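Here's the structure, in structure tokens; my notes come after.
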Amino acid sequence: MVAPDAPPTSPTNARGGVSQGPKLRMLYGRGYHDNPSNDYALPADDQEHSRLDLQHEMWKIYLDELYPEPEYVRKVLAPNPVRRPAVLDIGAGSGRWAIEMAEEFPQADVVGLDIVQPRLVAHGKPVPSNCRFVLEDADDGLQQYESSFDVIHGRFIHGGVKDSHALMFACARALRPGGILILIHGVAHMLKEDGTPYPLVEEGQPGFSWYQSASHKVFDSGPKAMMLQLASAAHWNEWLCENPNYEGAKERKILLPVSVFRPGLDEKSVRVSTLFRENTLQVLSNFRSIILSGGADEASIDYLLENAKREISEQKLEGYFAFGINTAIRINGPWVPREGGKPNIDIEEAKRVIFGGQVVL
């Protein structure tokens, strides 16, 4: 049960539920958030939240848990006679991760934060009494949550956070001493087994990939701010190691196959690859409105995307995507604010990172 006398700055000051959010903005048949200060370019409608649920299942199977570092997470969320443990999920999406964490840890309070209402809540899924959702932008600094959480989790939030370097400092302020920050990131760009990218070449030339061509179109058409944000993940481990508020920073590097070519794969790997392939097909549907917003011809883009979907669904090439899992522990000491401004990442570096497979490799 949520503590009835929780202070205003505590994550436990409301029972299960969600604050009501604005209506979505429609574009090329898809619904998008209507927050002009946020550069997140992917949809935020039911269709996208269903994809996020699929992605959630894939990661849960891959990790064998809802979260990495399971022993440490279970330790900091163990029943505490002094205060209730608490979890913050930044970029809660459909709400599934937050709800399942609340179910697994009934002794903890879970807050899901996003700029749109979770689909699961909007469609009437019961929310545990120890879980609530808040419509806020993480870029605003999380000041109201000082020393409130034992776990802060963010999965694929880097495309929607203006300054992830600043967010790491904000999360450190929101974490209790000994709390853990968990960030998962990646870029939807096709790589070979050795981590090098498929080349951008014309159709019929060696190494040509329809998916890779579509991915480049997204970069050329999408908001440049979002591309810079995606590229910033290449620096996350470095930034966490340098941040005076954390210790034990580490990064786990992953290549996940979107196609199953290798014989003898275990059942788990086949399931992960199958779910990932379906997720990738849905990502291609998201590409359409981003590319068309850049002024591309609709018929030519539909032709490109249909071929890219066929390439993925029929497993016509061996492809992988790169991901990283970053974790760091909040030190037992006073919070230290950031000195200086946002680290500079220019557009050419972003291209090298996104198209050169440098995000985690």
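Ordering of the structure tokens sets the chain letters (A, B, ...), residue numbers begin anew at 1 in every chain, and ligands are numbered from 1 in the order given.
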Q: For range 155-171 of chain A, please output as number ranges by chain all residues within 8 Å (counting only C-alpha atoms; exclusion window: fewer than 6 positions along the same chain).
A: A: 38-41, 90-91, 138-139, 141-143, 181, 183-186, 225-227, 229-230, 232-233, 236, 239-240, 243, 245, 336-338, 342-343
Go ahead and save the picked residues with N, CA, C and O atoms, as a CSV table (one decimal), in the first residue's frame.
chain,number,residue,atom,x,y,z
A,38,ASN,N,10.0,18.8,-27.5
A,38,ASN,CA,10.6,17.5,-27.5
A,38,ASN,C,10.8,17.1,-29.0
A,38,ASN,O,9.8,17.1,-29.8
A,39,ASP,N,12.0,16.6,-29.3
A,39,ASP,CA,12.3,16.3,-30.7
A,39,ASP,C,12.1,14.8,-31.0
A,39,ASP,O,12.4,14.3,-32.1
A,40,TYR,N,11.5,14.0,-30.2
A,40,TYR,CA,11.2,12.6,-30.4
A,40,TYR,C,10.4,12.4,-31.7
A,40,TYR,O,9.3,13.0,-31.8
A,41,ALA,N,10.9,11.7,-32.6
A,41,ALA,CA,10.3,11.6,-34.0
A,41,ALA,C,9.4,10.4,-34.2
A,41,ALA,O,8.8,10.3,-35.3
A,90,ILE,N,11.9,6.0,-16.9
A,90,ILE,CA,11.9,7.2,-17.8
A,90,ILE,C,11.5,6.7,-19.2
A,90,ILE,O,12.2,5.8,-19.7
A,91,GLY,N,10.5,7.4,-19.8
A,91,GLY,CA,10.1,6.9,-21.1
A,91,GLY,C,9.3,5.6,-21.0
A,91,GLY,O,9.6,4.6,-21.6
A,138,ALA,N,11.4,14.3,-19.1
A,138,ALA,CA,12.6,14.1,-18.3
A,138,ALA,C,13.6,15.2,-18.5
A,138,ALA,O,14.4,15.5,-17.7
A,139,ASP,N,13.5,15.9,-19.6
A,139,ASP,CA,14.4,17.0,-19.9
A,139,ASP,C,14.2,18.2,-18.9
A,139,ASP,O,15.0,19.1,-18.8
A,141,GLY,N,14.3,18.0,-15.8
A,141,GLY,CA,15.3,18.0,-14.7
A,141,GLY,C,15.0,17.1,-13.5
A,141,GLY,O,15.9,16.9,-12.7
A,142,LEU,N,13.8,16.6,-13.4
A,142,LEU,CA,13.5,15.6,-12.3
A,142,LEU,C,13.7,16.3,-10.9
A,142,LEU,O,13.9,15.5,-9.9
A,143,GLN,N,13.7,17.6,-10.8
A,143,GLN,CA,14.0,18.2,-9.5
A,143,GLN,C,13.1,17.8,-8.4
A,143,GLN,O,13.5,17.7,-7.2
A,181,LEU,N,21.4,3.2,-11.8
A,181,LEU,CA,20.9,3.7,-13.0
A,181,LEU,C,21.1,2.7,-14.1
A,181,LEU,O,22.2,2.2,-14.3
A,183,LEU,N,20.5,2.1,-18.3
A,183,LEU,CA,20.1,2.7,-19.6
A,183,LEU,C,20.4,1.7,-20.7
A,183,LEU,O,21.5,1.1,-20.7
A,184,ILE,N,19.4,1.5,-21.5
A,184,ILE,CA,19.6,0.6,-22.7
A,184,ILE,C,19.4,1.4,-23.9
A,184,ILE,O,18.5,2.2,-24.1
A,185,HIS,N,20.3,1.2,-24.9
A,185,HIS,CA,20.3,2.1,-26.1
A,185,HIS,C,20.7,1.3,-27.3
A,185,HIS,O,21.3,0.2,-27.2
A,186,GLY,N,20.4,1.8,-28.5
A,186,GLY,CA,20.8,1.2,-29.7
A,186,GLY,C,20.4,2.0,-30.9
A,186,GLY,O,19.6,3.0,-30.7
A,225,ALA,N,18.3,17.1,-34.6
A,225,ALA,CA,18.5,17.1,-33.1
A,225,ALA,C,18.3,15.6,-32.6
A,225,ALA,O,19.1,15.2,-31.7
A,226,MET,N,17.4,14.9,-33.1
A,226,MET,CA,17.2,13.5,-32.7
A,226,MET,C,18.3,12.6,-33.1
A,226,MET,O,18.8,11.8,-32.3
A,227,MET,N,18.9,12.9,-34.3
A,227,MET,CA,20.1,12.1,-34.7
A,227,MET,C,21.3,12.3,-33.8
A,227,MET,O,22.0,11.4,-33.5
A,229,GLN,N,21.1,13.2,-30.7
A,229,GLN,CA,20.7,12.5,-29.4
A,229,GLN,C,21.0,11.0,-29.5
A,229,GLN,O,21.5,10.4,-28.6
A,230,LEU,N,20.7,10.4,-30.6
A,230,LEU,CA,20.9,9.0,-30.8
A,230,LEU,C,22.5,8.7,-30.8
A,230,LEU,O,22.9,7.8,-30.1
A,232,SER,N,24.7,10.3,-29.2
A,232,SER,CA,25.3,10.6,-27.9
A,232,SER,C,25.5,9.4,-27.1
A,232,SER,O,26.4,9.3,-26.2
A,233,ALA,N,24.7,8.3,-27.4
A,233,ALA,CA,24.8,7.1,-26.6
A,233,ALA,C,26.2,6.4,-26.7
A,233,ALA,O,26.6,5.7,-25.8
A,236,TRP,N,28.0,7.4,-23.6
A,236,TRP,CA,27.4,7.2,-22.2
A,236,TRP,C,28.3,6.6,-21.2
A,236,TRP,O,28.3,7.0,-20.1
A,239,TRP,N,30.8,9.1,-20.1
A,239,TRP,CA,30.2,10.2,-19.3
A,239,TRP,C,29.9,9.7,-17.9
A,239,TRP,O,30.0,10.4,-16.9
A,240,LEU,N,29.4,8.4,-17.8
A,240,LEU,CA,29.1,7.9,-16.5
A,240,LEU,C,30.3,7.7,-15.6
A,240,LEU,O,30.4,7.9,-14.4
A,243,ASN,N,31.4,11.1,-14.3
A,243,ASN,CA,30.4,11.8,-13.5
A,243,ASN,C,30.8,11.5,-12.0
A,243,ASN,O,30.8,10.3,-11.6
A,245,ASN,N,29.1,11.6,-9.4
A,245,ASN,CA,28.0,11.1,-8.6
A,245,ASN,C,27.9,9.6,-8.7
A,245,ASN,O,27.1,9.0,-7.9
A,336,VAL,N,26.6,16.2,-6.7
A,336,VAL,CA,27.5,17.2,-7.3
A,336,VAL,C,26.9,17.6,-8.7
A,336,VAL,O,26.7,16.8,-9.6
A,337,PRO,N,26.5,18.9,-8.8
A,337,PRO,CA,25.9,19.4,-10.1
A,337,PRO,C,27.0,19.4,-11.2
A,337,PRO,O,28.2,19.4,-11.0
A,338,ARG,N,26.4,19.5,-12.4
A,338,ARG,CA,27.3,19.5,-13.6
A,338,ARG,C,28.0,20.9,-13.7
A,338,ARG,O,27.4,21.9,-13.5
A,342,LYS,N,26.6,21.3,-22.2
A,342,LYS,CA,26.4,20.1,-22.9
A,342,LYS,C,27.6,19.7,-23.8
A,342,LYS,O,28.1,20.6,-24.6
A,343,PRO,N,28.1,18.5,-23.8
A,343,PRO,CA,29.2,18.1,-24.7
A,343,PRO,C,28.8,18.2,-26.1
A,343,PRO,O,27.7,18.0,-26.5
(Q) I need the residues of range 251-298 of chain A that end up classed as strand (DSSP E) by DSSP on the backbone, written out as a PyMOL selection string. (A) chain A and resi 251-257
Restricting the output to C-alpha atoms, write the selected residues as an mmCIF file, in the first residue's frame.
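New file again-v7.cif:
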data_model
loop_
_atom_site.group_PDB
_atom_site.id
_atom_site.type_symbol
_atom_site.label_atom_id
_atom_site.label_comp_id
_atom_site.auth_asym_id
_atom_site.auth_seq_id
_atom_site.Cartn_x
_atom_site.Cartn_y
_atom_site.Cartn_z
ATOM 1 C CA GLU A 251 28.697 -1.089 -20.424
ATOM 2 C CA ARG A 252 27.558 -4.399 -21.854
ATOM 3 C CA LYS A 253 27.815 -4.584 -25.647
ATOM 4 C CA ILE A 254 25.367 -6.676 -27.641
ATOM 5 C CA LEU A 255 24.756 -7.714 -31.245
ATOM 6 C CA LEU A 256 21.245 -9.111 -31.771
ATOM 7 C CA PRO A 257 20.443 -10.997 -34.998
#
Q) Tell me, which residues of range 87-197 of chain A carry DSSP helix (DSSP H, G or I), written as number ranges by chain? A) A: 96-104, 119-122, 138-140, 143-145, 164-174
(Q) Please list as number ranges by chain every residue within 7 Å of range 67-77 of chain A, counting only C-alpha atoms and excluding residues in the same chain fewer than 5 positions away. (A) A: 85, 108, 150, 179
Q.
For a test of reading the model, state the distance in Å between CA of Leu88 in chain A and CA of Val110 in chain A, rounded to one decimal.
A. 6.0 Å
(Q) Given only C-alpha atoms as the basis, pick out the residue of A:Ser269, A:Ser94, A:Ser300, A:Gln205 nearest to Leu52 in chain A. (A) A:Ser94
Q: Would you list the contacts of Ala308 in chain A as a list of chain:residue names, taking every protein, DNA or RNA residue within 10 Å and counting only C-alpha atoms, but skipping same-chain residues closer than 5 positions in sequence?
A: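 Skipping anything fewer than 5 positions along the chain leaves A:Ser209, A:Trp210, A:Tyr211, A:Gln212, A:Ser213, A:Ala214, A:Ser215, A:Leu281, A:Leu284, A:Asp302, A:Tyr303, A:Ser313, A:Glu314, A:Lys316.
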Could you pull the residues within 9 Å of Ser148 in chain A, counting only C-alpha atoms, minus those fewer than 2 positions along the same chain, as a PDB file with N, CA and C atoms, in the first residue's frame?
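So selection-v6.pdb came out as:
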ATOM      1  N   THR A   9       7.476  15.567  -2.517  1.00  0.00           N
ATOM      2  CA  THR A   9       8.606  15.257  -3.379  1.00  0.00           C
ATOM      3  C   THR A   9       8.879  13.768  -3.479  1.00  0.00           C
ATOM      4  N   SER A  10       8.057  12.954  -2.807  1.00  0.00           N
ATOM      5  CA  SER A  10       8.255  11.508  -2.838  1.00  0.00           C
ATOM      6  C   SER A  10       7.529  10.897  -4.019  1.00  0.00           C
ATOM      7  N   PRO A  11       8.059   9.794  -4.595  1.00  0.00           N
ATOM      8  CA  PRO A  11       7.338   9.122  -5.675  1.00  0.00           C
ATOM      9  C   PRO A  11       6.122   8.381  -5.166  1.00  0.00           C
ATOM     10  N   PRO A  85      11.136   0.917  -0.882  1.00  0.00           N
ATOM     11  CA  PRO A  85      11.966   1.092  -2.084  1.00  0.00           C
ATOM     12  C   PRO A  85      11.137   1.729  -3.205  1.00  0.00           C
ATOM     13  N   ALA A  86      11.817   2.323  -4.185  1.00  0.00           N
ATOM     14  CA  ALA A  86      11.103   3.007  -5.258  1.00  0.00           C
ATOM     15  C   ALA A  86      11.869   2.899  -6.574  1.00  0.00           C
ATOM     16  N   VAL A  87      11.094   2.901  -7.666  1.00  0.00           N
ATOM     17  CA  VAL A  87      11.613   2.725  -9.024  1.00  0.00           C
ATOM     18  C   VAL A  87      11.059   3.827  -9.905  1.00  0.00           C
ATOM     19  N   LEU A  88      11.893   4.376 -10.784  1.00  0.00           N
ATOM     20  CA  LEU A  88      11.458   5.341 -11.802  1.00  0.00           C
ATOM     21  C   LEU A  88      11.765   4.766 -13.176  1.00  0.00           C
ATOM     22  N   GLN A 144      11.876  17.467  -8.679  1.00  0.00           N
ATOM     23  CA  GLN A 144      10.909  17.138  -7.622  1.00  0.00           C
ATOM     24  C   GLN A 144      11.139  15.759  -7.011  1.00  0.00           C
ATOM     25  N   TYR A 145      12.107  15.001  -7.562  1.00  0.00           N
ATOM     26  CA  TYR A 145      12.322  13.629  -7.090  1.00  0.00           C
ATOM     27  C   TYR A 145      13.663  13.461  -6.380  1.00  0.00           C
ATOM     28  N   GLU A 146      14.144  14.473  -5.718  1.00  0.00           N
ATOM     29  CA  GLU A 146      15.464  14.386  -5.094  1.00  0.00           C
ATOM     30  C   GLU A 146      15.539  13.234  -4.088  1.00  0.00           C
ATOM     31  N   ASP A 150      15.510   4.034  -5.835  1.00  0.00           N
ATOM     32  CA  ASP A 150      16.585   3.049  -5.703  1.00  0.00           C
ATOM     33  C   ASP A 150      16.982   2.482  -7.064  1.00  0.00           C
ATOM     34  N   ARG A 173      20.779  12.923  -8.906  1.00  0.00           N
ATOM     35  CA  ARG A 173      20.100  13.667  -7.843  1.00  0.00           C
ATOM     36  C   ARG A 173      18.841  12.933  -7.386  1.00  0.00           C
ATOM     37  N   ALA A 174      18.161  12.256  -8.317  1.00  0.00           N
ATOM     38  CA  ALA A 174      16.923  11.546  -7.977  1.00  0.00           C
ATOM     39  C   ALA A 174      17.178  10.191  -7.320  1.00  0.00           C
ATOM     40  N   LEU A 175      18.383   9.644  -7.479  1.00  0.00           N
ATOM     41  CA  LEU A 175      18.711   8.358  -6.880  1.00  0.00           C
ATOM     42  C   LEU A 175      19.082   8.504  -5.407  1.00  0.00           C
ATOM     43  N   ARG A 176      18.745   7.497  -4.636  1.00  0.00           N
ATOM     44  CA  ARG A 176      19.251   7.403  -3.263  1.00  0.00           C
ATOM     45  C   ARG A 176      20.665   6.831  -3.297  1.00  0.00           C
TER      46      ARG A 176
END
(Q) To one decimal place in Å, what is the distance between CA of Val270 in chain A and CA of Glu48 in chain A? (A)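 Taking CA of Val270 in chain A as the start and CA of Glu48 in chain A as the end point, the length is 23.6 Å.
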**Q.** Contact residues around Ser293 in chain A with only C-alpha atoms at 10 Å, ignoring same-chain residues under 5 positions, as a PyMOL selection string
**A.** chain A and resi 27-28+218+221-223+288
**Q.** Residue nearest Leu228 in chain A among A:Asn344, A:Asn80, A:Ser50, A:Gln55 (counting only C-alpha atoms)
**A.**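 Closest residue, counting only C-alpha atoms: A:Asn344.
The environment of range 327-330 of chain A within 6 Å, counting only C-alpha atoms and disregarding residues fewer than 4 places along the same chain, consists of Pro177, Gly178, Gly179, Ile180, Leu181, Ile182, Asn245, Tyr246, Glu247, Gly248, Ala249 and Lys250 of chain A.
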**Q.** Atom-to-atom span, CA of Ala78 in chain A and CA of Gln107 in chain A, Å
**A.**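 Distance reported for this atom pair: 7.6 Å.
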